[in-house]
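Novice: Next comes input35.pdb, PDB, C-alpha atoms, pLDDT in the B column:
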```
ATOM      1  CA  GLU T   1    -119.239 -12.011 136.856  1.00 65.00           C
ATOM      2  CA  LEU T   2    -117.735 -15.011 135.145  1.00 64.00           C
ATOM      3  CA  LEU T   3    -114.318 -13.386 134.951  1.00 62.00           C
ATOM      4  CA  SER T   4    -114.497 -12.314 138.573  1.00 65.00           C
ATOM      5  CA  ASP T   5    -115.484 -15.744 139.866  1.00 67.00           C
ATOM      6  CA  ASN T   6    -113.490 -18.115 137.652  1.00 69.00           C
ATOM      7  CA  ILE T   7    -110.677 -16.276 135.898  1.00 63.00           C
ATOM      8  CA  VAL T   8    -108.147 -19.102 136.324  1.00 63.00           C
ATOM      9  CA  MET T   9    -110.494 -21.923 135.334  1.00 72.00           C
ATOM     10  CA  LEU T  10    -111.862 -19.840 132.455  1.00 74.00           C
ATOM     11  CA  GLY T  11    -108.368 -19.244 131.135  1.00 71.00           C
ATOM     12  CA  ASP T  12    -107.616 -22.968 131.147  1.00 78.00           C
ATOM     13  CA  PHE T  13    -110.955 -23.765 129.502  1.00 82.00           C
ATOM     14  CA  VAL T  14    -110.514 -21.172 126.763  1.00 82.00           C
ATOM     15  CA  ALA T  15    -106.953 -22.259 125.984  1.00 78.00           C
ATOM     16  CA  GLU T  16    -107.952 -25.939 125.805  1.00 85.00           C
ATOM     17  CA  THR T  17    -111.091 -25.314 123.728  1.00 87.00           C
ATOM     18  CA  ILE T  18    -109.440 -23.026 121.196  1.00 86.00           C
ATOM     19  CA  GLY T  19    -106.410 -25.319 120.981  1.00 82.00           C
ATOM     20  CA  LYS T  20    -108.586 -28.354 120.233  1.00 89.00           C
ATOM     21  CA  ASP T  21    -110.669 -26.481 117.665  1.00 89.00           C
ATOM     22  CA  GLN T  22    -107.566 -25.162 115.915  1.00 88.00           C
ATOM     23  CA  ALA T  23    -106.044 -28.646 115.853  1.00 87.00           C
ATOM     24  CA  ALA T  24    -109.237 -30.192 114.458  1.00 91.00           C
ATOM     25  CA  THR T  25    -109.412 -27.527 111.747  1.00 92.00           C
ATOM     26  CA  GLU T  26    -105.777 -28.018 110.789  1.00 92.00           C
ATOM     27  CA  ASP T  27    -106.197 -31.795 110.774  1.00 94.00           C
ATOM     28  CA  GLY T  28    -109.187 -31.496 108.455  1.00 96.00           C
ATOM     29  CA  GLU T  29    -107.278 -29.254 106.062  1.00 97.00           C
ATOM     30  CA  PHE T  30    -104.244 -31.551 106.203  1.00 97.00           C
ATOM     31  CA  ILE T  31    -106.264 -34.582 105.119  1.00 97.00           C
ATOM     32  CA  LEU T  32    -109.484 -33.414 103.446  1.00 97.00           C
ATOM     33  CA  GLY T  33    -108.498 -30.034 101.997  1.00 97.00           C
ATOM     34  CA  ASP T  34    -109.845 -29.473  98.470  1.00 97.00           C
ATOM     35  CA  ALA T  35    -108.379 -25.988  97.856  1.00 96.00           C
ATOM     36  CA  THR T  36    -111.728 -24.313  98.553  1.00 96.00           C
ATOM     37  CA  GLY T  37    -112.586 -21.784 101.234  1.00 94.00           C
ATOM     38  CA  THR T  38    -114.144 -24.551 103.301  1.00 94.00           C
ATOM     39  CA  TYR T  39    -110.619 -25.756 104.061  1.00 95.00           C
ATOM     40  CA  GLY T  40    -108.852 -22.408 104.028  1.00 93.00           C
ATOM     41  CA  GLY T  41    -107.661 -22.897 100.455  1.00 95.00           C
ATOM     42  CA  GLU T  42    -105.485 -25.845 101.498  1.00 96.00           C
ATOM     43  CA  THR T  43    -105.063 -29.035  99.464  1.00 97.00           C
ATOM     44  CA  GLY T  44    -104.987 -32.060 101.746  1.00 97.00           C
ATOM     45  CA  LEU T  45    -103.476 -35.496 101.342  1.00 98.00           C
ATOM     46  CA  LEU T  46    -106.545 -37.258  99.945  1.00 98.00           C
ATOM     47  CA  ASN T  47    -106.791 -34.726  97.130  1.00 97.00           C
ATOM     48  CA  ALA T  48    -103.057 -34.292  96.574  1.00 98.00           C
ATOM     49  CA  ILE T  49    -102.116 -37.958  96.250  1.00 98.00           C
ATOM     50  CA  GLY T  50    -101.452 -38.983  92.651  1.00 97.00           C
ATOM     51  CA  ALA T  51    -103.302 -41.834  90.970  1.00 97.00           C
ATOM     52  CA  ALA T  52    -100.013 -43.704  90.486  1.00 98.00           C
ATOM     53  CA  GLY T  53     -99.663 -44.061  94.233  1.00 98.00           C
ATOM     54  CA  ILE T  54    -103.112 -45.497  94.867  1.00 98.00           C
ATOM     55  CA  PHE T  55    -103.623 -49.250  95.069  1.00 98.00           C
ATOM     56  CA  THR T  56    -107.227 -50.183  94.254  1.00 98.00           C
ATOM     57  CA  ALA T  57    -108.395 -53.485  95.661  1.00 98.00           C
ATOM     58  CA  ALA T  58    -109.602 -56.176  93.271  1.00 97.00           C
ATOM     59  CA  THR T  59    -113.182 -56.182  92.027  1.00 97.00           C
ATOM     60  CA  GLY T  60    -115.404 -57.499  94.774  1.00 97.00           C
ATOM     61  CA  THR T  61    -113.304 -55.997  97.549  1.00 98.00           C
ATOM     62  CA  ASP T  62    -115.529 -52.971  97.964  1.00 97.00           C
ATOM     63  CA  THR T  63    -115.994 -53.110 101.747  1.00 98.00           C
ATOM     64  CA  TRP T  64    -113.568 -53.092 104.655  1.00 98.00           C
ATOM     65  CA  ALA T  65    -114.635 -56.590 105.668  1.00 98.00           C
ATOM     66  CA  GLU T  66    -113.236 -57.939 102.379  1.00 98.00           C
ATOM     67  CA  ILE T  67    -109.789 -56.319 102.597  1.00 98.00           C
ATOM     68  CA  VAL T  68    -106.958 -58.829 103.003  1.00 97.00           C
ATOM     69  CA  MET T  69    -103.296 -58.564 103.957  1.00 97.00           C
ATOM     70  CA  ALA T  70    -102.187 -58.584 100.314  1.00 97.00           C
ATOM     71  CA  ASP T  71    -104.045 -55.303  99.774  1.00 98.00           C
ATOM     72  CA  PHE T  72    -101.843 -53.656 102.404  1.00 98.00           C
ATOM     73  CA  THR T  73     -98.585 -55.078 101.113  1.00 98.00           C
ATOM     74  CA  SER T  74     -99.532 -54.004  97.573  1.00 98.00           C
ATOM     75  CA  THR T  75    -100.149 -50.494  98.894  1.00 98.00           C
ATOM     76  CA  MET T  76     -96.724 -50.493 100.533  1.00 98.00           C
ATOM     77  CA  ALA T  77     -95.140 -51.723  97.305  1.00 98.00           C
ATOM     78  CA  LYS T  78     -96.446 -48.614  95.526  1.00 98.00           C
ATOM     79  CA  LEU T  79     -94.059 -46.436  97.545  1.00 98.00           C
ATOM     80  CA  PRO T  80     -90.832 -45.719  95.594  1.00 97.00           C
ATOM     81  CA  SER T  81     -87.610 -46.865  97.261  1.00 96.00           C
ATOM     82  CA  LYS T  82     -86.187 -43.338  97.392  1.00 95.00           C
ATOM     83  CA  TYR T  83     -88.495 -42.463 100.268  1.00 95.00           C
ATOM     84  CA  GLY T  84     -86.579 -43.772 103.227  1.00 84.00           C
ATOM     85  CA  GLY T  85     -87.817 -41.500 105.985  1.00 81.00           C
ATOM     86  CA  GLN T  86     -89.944 -42.494 108.928  1.00 92.00           C
ATOM     87  CA  LEU T  87     -92.648 -44.534 107.236  1.00 97.00           C
ATOM     88  CA  SER T  88     -96.045 -44.862 108.889  1.00 97.00           C
ATOM     89  CA  TRP T  89     -99.748 -45.531 108.364  1.00 98.00           C
ATOM     90  CA  LEU T  90    -102.568 -42.997 108.672  1.00 98.00           C
ATOM     91  CA  CYS T  91    -106.189 -44.080 109.111  1.00 98.00           C
ATOM     92  CA  SER T  92    -109.222 -43.737 111.359  1.00 98.00           C
ATOM     93  CA  ARG T  93    -109.683 -45.595 114.619  1.00 96.00           C
ATOM     94  CA  GLU T  94    -112.628 -47.414 113.042  1.00 98.00           C
ATOM     95  CA  PHE T  95    -110.484 -48.670 110.160  1.00 98.00           C
ATOM     96  CA  TYR T  96    -107.639 -49.786 112.407  1.00 96.00           C
ATOM     97  CA  TYR T  97    -109.777 -51.853 114.755  1.00 93.00           C
ATOM     98  CA  SER T  98    -112.101 -53.334 112.138  1.00 96.00           C
ATOM     99  CA  VAL T  99    -109.502 -54.098 109.461  1.00 97.00           C
ATOM    100  CA  MET T 100    -105.882 -53.912 110.601  1.00 95.00           C
ATOM    101  CA  LEU T 101    -106.417 -55.485 114.025  1.00 90.00           C
ATOM    102  CA  ARG T 102    -108.685 -58.131 112.515  1.00 91.00           C
ATOM    103  CA  LEU T 103    -105.910 -59.224 110.166  1.00 93.00           C
ATOM    104  CA  LEU T 104    -103.309 -59.142 112.934  1.00 88.00           C
ATOM    105  CA  ALA T 105    -105.514 -61.274 115.188  1.00 84.00           C
ATOM    106  CA  ALA T 106    -105.995 -63.811 112.412  1.00 86.00           C
ATOM    107  CA  ALA T 107    -102.280 -64.023 111.624  1.00 79.00           C
ATOM    108  CA  GLY T 108    -100.267 -66.918 113.014  1.00 68.00           C
ATOM    109  CA  GLY T 109     -98.140 -66.429 116.121  1.00 65.00           C
ATOM    110  CA  ASN T 110    -100.535 -64.195 118.049  1.00 62.00           C
ATOM    111  CA  ASN T 111    -102.112 -65.320 121.295  1.00 61.00           C
ATOM    112  CA  LEU T 112    -104.482 -63.862 123.862  1.00 59.00           C
ATOM    113  CA  VAL T 113    -101.647 -62.406 125.945  1.00 60.00           C
ATOM    114  CA  VAL T 114    -100.221 -60.550 122.950  1.00 59.00           C
ATOM    115  CA  LEU T 115    -103.583 -59.216 121.821  1.00 62.00           C
ATOM    116  CA  GLU T 116    -104.729 -58.170 125.309  1.00 61.00           C
ATOM    117  CA  GLY T 117    -101.412 -56.516 126.143  1.00 62.00           C
ATOM    118  CA  GLY T 118    -101.909 -53.739 123.623  1.00 59.00           C
ATOM    119  CA  ALA T 119     -99.334 -51.027 123.011  1.00 56.00           C
ATOM    120  CA  GLN T 120     -98.994 -47.301 123.522  1.00 64.00           C
ATOM    121  CA  GLN T 121     -97.895 -46.929 119.912  1.00 79.00           C
ATOM    122  CA  LEU T 122    -100.038 -48.865 117.452  1.00 88.00           C
ATOM    123  CA  THR T 123     -98.114 -50.598 114.680  1.00 90.00           C
ATOM    124  CA  PHE T 124     -98.997 -52.558 111.569  1.00 92.00           C
ATOM    125  CA  LEU T 125     -96.561 -54.624 109.508  1.00 93.00           C
ATOM    126  CA  GLY T 126     -93.682 -53.063 111.416  1.00 91.00           C
ATOM    127  CA  PHE T 127     -94.671 -49.411 110.992  1.00 95.00           C
ATOM    128  CA  PRO T 128     -96.421 -46.942 113.341  1.00 94.00           C
ATOM    129  CA  VAL T 129    -100.124 -46.279 112.882  1.00 95.00           C
ATOM    130  CA  PHE T 130    -101.500 -42.797 113.538  1.00 96.00           C
ATOM    131  CA  LEU T 131    -105.242 -42.376 114.019  1.00 96.00           C
ATOM    132  CA  THR T 132    -107.431 -39.469 112.952  1.00 95.00           C
ATOM    133  CA  SER T 133    -111.177 -38.983 112.648  1.00 95.00           C
ATOM    134  CA  LYS T 134    -110.628 -37.076 109.396  1.00 96.00           C
ATOM    135  CA  MET T 135    -109.852 -40.276 107.498  1.00 98.00           C
ATOM    136  CA  PRO T 136    -112.904 -42.365 106.452  1.00 98.00           C
ATOM    137  CA  THR T 137    -114.685 -43.755 109.508  1.00 98.00           C
ATOM    138  CA  ALA T 138    -117.063 -46.092 107.675  1.00 98.00           C
ATOM    139  CA  THR T 139    -116.697 -48.418 104.725  1.00 98.00           C
ATOM    140  CA  ALA T 140    -117.567 -47.084 101.281  1.00 98.00           C
ATOM    141  CA  VAL T 141    -116.843 -48.039  97.687  1.00 98.00           C
ATOM    142  CA  SER T 142    -114.054 -46.338  95.715  1.00 98.00           C
ATOM    143  CA  THR T 143    -112.640 -44.724  98.872  1.00 98.00           C
ATOM    144  CA  VAL T 144    -109.025 -44.303  99.979  1.00 98.00           C
ATOM    145  CA  SER T 145    -109.309 -45.624 103.528  1.00 98.00           C
ATOM    146  CA  ALA T 146    -105.661 -45.737 104.624  1.00 98.00           C
ATOM    147  CA  LEU T 147    -102.472 -43.898 103.702  1.00 98.00           C
ATOM    148  CA  PHE T 148     -98.891 -45.158 103.923  1.00 98.00           C
ATOM    149  CA  GLY T 149     -95.595 -43.449 103.341  1.00 98.00           C
ATOM    150  CA  SER T 150     -93.020 -40.910 104.420  1.00 97.00           C
ATOM    151  CA  PHE T 151     -95.237 -37.984 105.332  1.00 96.00           C
ATOM    152  CA  SER T 152     -92.309 -35.783 106.329  1.00 94.00           C
ATOM    153  CA  GLU T 153     -90.922 -36.093 102.783  1.00 96.00           C
ATOM    154  CA  ALA T 154     -94.216 -35.417 101.027  1.00 96.00           C
ATOM    155  CA  VAL T 155     -95.909 -32.622 102.954  1.00 96.00           C
ATOM    156  CA  ALA T 156     -94.831 -29.650 105.053  1.00 95.00           C
ATOM    157  CA  ILE T 157     -96.706 -27.607 107.642  1.00 92.00           C
ATOM    158  CA  GLY T 158     -95.347 -24.143 108.333  1.00 90.00           C
ATOM    159  CA  SER T 159     -96.389 -22.157 111.410  1.00 83.00           C
ATOM    160  CA  ARG T 160     -95.957 -18.383 111.381  1.00 78.00           C
ATOM    161  CA  GLN T 161     -97.780 -17.502 114.573  1.00 75.00           C
ATOM    162  CA  VAL T 162     -98.655 -19.343 117.763  1.00 75.00           C
ATOM    163  CA  VAL T 163    -102.296 -19.326 118.855  1.00 77.00           C
ATOM    164  CA  GLU T 164    -103.204 -15.834 120.010  1.00 81.00           C
ATOM    165  CA  VAL T 165    -106.320 -15.236 122.101  1.00 81.00           C
ATOM    166  CA  GLN T 166    -108.082 -11.866 122.059  1.00 82.00           C
ATOM    167  CA  SER T 167    -111.192 -10.647 123.873  1.00 79.00           C
ATOM    168  CA  SER T 168    -113.722  -7.873 123.332  1.00 84.00           C
ATOM    169  CA  ARG T 169    -116.426  -6.393 125.551  1.00 78.00           C
ATOM    170  CA  ASP T 170    -117.932  -4.364 122.701  1.00 84.00           C
ATOM    171  CA  LYS T 171    -119.695  -6.961 120.528  1.00 76.00           C
ATOM    172  CA  PHE T 172    -122.155  -8.079 123.216  1.00 81.00           C
ATOM    173  CA  PHE T 173    -122.133  -4.926 125.361  1.00 82.00           C
ATOM    174  CA  ASP T 174    -125.927  -4.780 125.691  1.00 82.00           C
ATOM    175  CA  GLU T 175    -125.999  -8.364 126.994  1.00 82.00           C
ATOM    176  CA  ASP T 176    -123.224  -7.844 129.548  1.00 80.00           C
ATOM    177  CA  CYS T 177    -121.139 -10.499 127.748  1.00 82.00           C
ATOM    178  CA  PHE T 178    -117.764 -10.582 126.056  1.00 80.00           C
ATOM    179  CA  ALA T 179    -116.344 -12.369 123.015  1.00 84.00           C
ATOM    180  CA  LEU T 180    -113.164 -14.425 122.713  1.00 83.00           C
ATOM    181  CA  ARG T 181    -111.257 -15.089 119.495  1.00 85.00           C
ATOM    182  CA  GLY T 182    -108.342 -17.405 118.763  1.00 85.00           C
ATOM    183  CA  ILE T 183    -105.987 -16.710 115.843  1.00 86.00           C
ATOM    184  CA  SER T 184    -103.108 -18.677 114.357  1.00 86.00           C
ATOM    185  CA  ARG T 185    -101.215 -18.570 111.054  1.00 88.00           C
ATOM    186  CA  TYR T 186     -99.971 -21.666 109.252  1.00 91.00           C
ATOM    187  CA  ASP T 187     -99.783 -23.178 105.795  1.00 94.00           C
ATOM    188  CA  ILE T 188     -99.874 -26.736 104.460  1.00 96.00           C
ATOM    189  CA  ASN T 189     -97.981 -27.738 101.334  1.00 96.00           C
ATOM    190  CA  ALA T 190     -98.435 -31.288 100.017  1.00 97.00           C
ATOM    191  CA  TYR T 191     -95.560 -30.914  97.589  1.00 96.00           C
ATOM    192  CA  ASP T 192     -94.528 -34.493  96.754  1.00 97.00           C
ATOM    193  CA  CYS T 193     -97.576 -36.742  96.667  1.00 97.00           C
ATOM    194  CA  GLY T 194     -97.081 -37.983  93.105  1.00 97.00           C
ATOM    195  CA  ASP T 195     -99.214 -37.694  89.979  1.00 97.00           C
ATOM    196  CA  GLY T 196    -100.949 -39.898  87.446  1.00 97.00           C
ATOM    197  CA  SER T 197     -97.767 -41.578  86.238  1.00 97.00           C
ATOM    198  CA  THR T 198     -95.333 -41.469  89.167  1.00 97.00           C
ATOM    199  CA  ALA T 199     -95.996 -42.269  92.814  1.00 98.00           C
ATOM    200  CA  GLY T 200     -94.846 -39.786  95.413  1.00 97.00           C
ATOM    201  CA  GLY T 201     -94.054 -40.038  99.110  1.00 97.00           C
ATOM    202  CA  ILE T 202     -97.539 -41.225 100.070  1.00 98.00           C
ATOM    203  CA  THR T 203     -99.556 -44.188  98.827  1.00 98.00           C
ATOM    204  CA  GLY T 204    -103.162 -45.105  99.486  1.00 98.00           C
ATOM    205  CA  LEU T 205    -105.351 -48.191  99.843  1.00 98.00           C
ATOM    206  CA  LYS T 206    -108.640 -47.767  97.989  1.00 98.00           C
ATOM    207  CA  THR T 207    -111.690 -50.007  98.025  1.00 98.00           C
ATOM    208  CA  ALA T 208    -113.030 -51.301  94.721  1.00 98.00           C
ATOM    209  CA  ALA T 209    -115.961 -49.706  92.926  1.00 97.00           C
ATOM    210  CA  SER T 210    -117.964 -52.906  93.192  1.00 94.00           C
TER     211      SER T 210
END
```
Would you mind writing the file's structure down as structure tokens?
Specialist:
Amino acid sequence: ELLSDNIVMLGDFVAETIGKDQAATEDGEFILGDATGTYGGETGLLNAIGAAGIFTAATGTDTWAEIVMADFTSTMAKLPSKYGGQLSWLCSREFYYSVMLRLLAAAGGNNLVVLEGGAQQLTFLGFPVFLTSKMPTATAVSTVSALFGSFSEAVAIGSRQVVEVQSSRDKFFDEDCFALRGISRYDINAYDCGDGSTAGGITGLKTAAS
């Protein structure tokens, strides 16, 4: 009955829902992946980044409210000069508005018109800021809360198959229902994120332990 009454709307709904779910899954693997089955065996940025590329804030700076501009510039300074691609920041919306925007608002030269005007592309210290809910959304000690670098030079995402939607009337035959399944094939390779002695193409800002 559903197919008969709403085939067009159902098609749009299914495509949008599966697309969003696939994107959320891929985003989680890209950032949080720990090489386990939970994340499809992928190793994400937060686990791939080397210790040499992480700037840890000074003792006492263990919450977002205590982060200062020097913590960001020190994080940027961790990035080796050879990475000259399109540099950008990656963080959560919560981090941007509670930390980055706070520091921008407190900096000299800003006024109400500038702050209220906003921008389609968020920037911080001259570089684009990209927001994702997979980065930390609340303050915590010893946590990498923001990433900076040339992501295109440090990680690659390969797609082998576009999203394919399949249906079956067999699984729920006795309930007069049908099942839908979305499939895609891709791989994530964080190949140049540094190690314990040499920073790679991505650096991170980490809160202090206490």
Novice: Enumerate, as a ChimeraX atom specification, the residues matched when the PyMOL selection byres ((chain T and resi 204) around 8) is run on the file above.
Specialist: /T:49,53-55,75,144-148,202-203,205-206
Novice: Could you save the residues just selected, with C-alpha atoms, as a compact mmCIF listing (two decimals), in the coordinates of the input?
Specialist:
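out26.txt was written with the following content:
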```
# COMPACT_ATOMS: atom_id res chain seq x y z
CA ILE T 49 -102.12 -37.96 96.25
CA GLY T 53 -99.66 -44.06 94.23
CA ILE T 54 -103.11 -45.50 94.87
CA PHE T 55 -103.62 -49.25 95.07
CA THR T 75 -100.15 -50.49 98.89
CA VAL T 144 -109.02 -44.30 99.98
CA SER T 145 -109.31 -45.62 103.53
CA ALA T 146 -105.66 -45.74 104.62
CA LEU T 147 -102.47 -43.90 103.70
CA PHE T 148 -98.89 -45.16 103.92
CA ILE T 202 -97.54 -41.22 100.07
CA THR T 203 -99.56 -44.19 98.83
CA LEU T 205 -105.35 -48.19 99.84
CA LYS T 206 -108.64 -47.77 97.99
```
Novice: With only C-alpha atoms as the atoms that count, which of T:Ala140, T:Ala105, T:Trp89, T:Gly44 lies nearest to Gln121 (chain T)?
Specialist: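 That would be T:Trp89, the residue with the smallest distance to Gln121 (chain T).
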Novice: Residue by residue, what does the PyMOL selection byres ((chain T and resi 194) around 9) grab here? Present the result as a list in words.
Specialist: Ala48, Ile49, Gly50, Ala51, Ala52, Gly53, Ala154, Tyr191, Asp192, Cys193, Asp195, Gly196, Ser197, Thr198, Ala199, Gly200, Gly201, Ile202 and Thr203 of chain T
Novice: Kindly save the residues from that selection, with C-alpha atoms included, as a CSV table (one decimal), keeping the file's coordinate frame.
Specialist:
```
chain,number,residue,atom,x,y,z
T,48,ALA,CA,-103.1,-34.3,96.6
T,49,ILE,CA,-102.1,-38.0,96.2
T,50,GLY,CA,-101.5,-39.0,92.7
T,51,ALA,CA,-103.3,-41.8,91.0
T,52,ALA,CA,-100.0,-43.7,90.5
T,53,GLY,CA,-99.7,-44.1,94.2
T,154,ALA,CA,-94.2,-35.4,101.0
T,191,TYR,CA,-95.6,-30.9,97.6
T,192,ASP,CA,-94.5,-34.5,96.8
T,193,CYS,CA,-97.6,-36.7,96.7
T,195,ASP,CA,-99.2,-37.7,90.0
T,196,GLY,CA,-100.9,-39.9,87.4
T,197,SER,CA,-97.8,-41.6,86.2
T,198,THR,CA,-95.3,-41.5,89.2
T,199,ALA,CA,-96.0,-42.3,92.8
T,200,GLY,CA,-94.8,-39.8,95.4
T,201,GLY,CA,-94.1,-40.0,99.1
T,202,ILE,CA,-97.5,-41.2,100.1
T,203,THR,CA,-99.6,-44.2,98.8
```
Novice: Expressed in Å to a single decimal, how great is the separation between CA of Val155 (chain T) and CA of Phe30 (chain T)?
Specialist: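 Atom-to-atom, CA of Val155 (chain T) and CA of Phe30 (chain T) are spaced 9.0 Å apart.
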Novice: Please measure the separation of CA of Ala138 (chain T) and CA of Lys78 (chain T), giving the value in Å to one decimal.
Specialist: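 That distance, rounded to one decimal, is 24.1 Å.
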Novice: Quick one: apply the PyMOL selection byres ((chain T and resi 90-100) around 9) to the file and drop the selected residues here as a ChimeraX atom specification.
Specialist: /T:64-69,88-89,101-105,124,128-139,145-149
Novice: Using all atoms listed in the file, which residue out of T:Ala107, T:Ile183, T:Leu79, T:Cys177 lies closest to Ser150 (chain T)?
Specialist: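 Between T:Ala107, T:Ile183, T:Leu79, T:Cys177, the residue approaching Ser150 (chain T) most closely is T:Leu79.
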Novice: Using Å and a single decimal, report how far CA of Tyr186 (chain T) sits from CA of Gln161 (chain T).
Specialist: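 Result for CA of Gln161 (chain T) versus CA of Tyr186 (chain T): 7.1 Å, one decimal.
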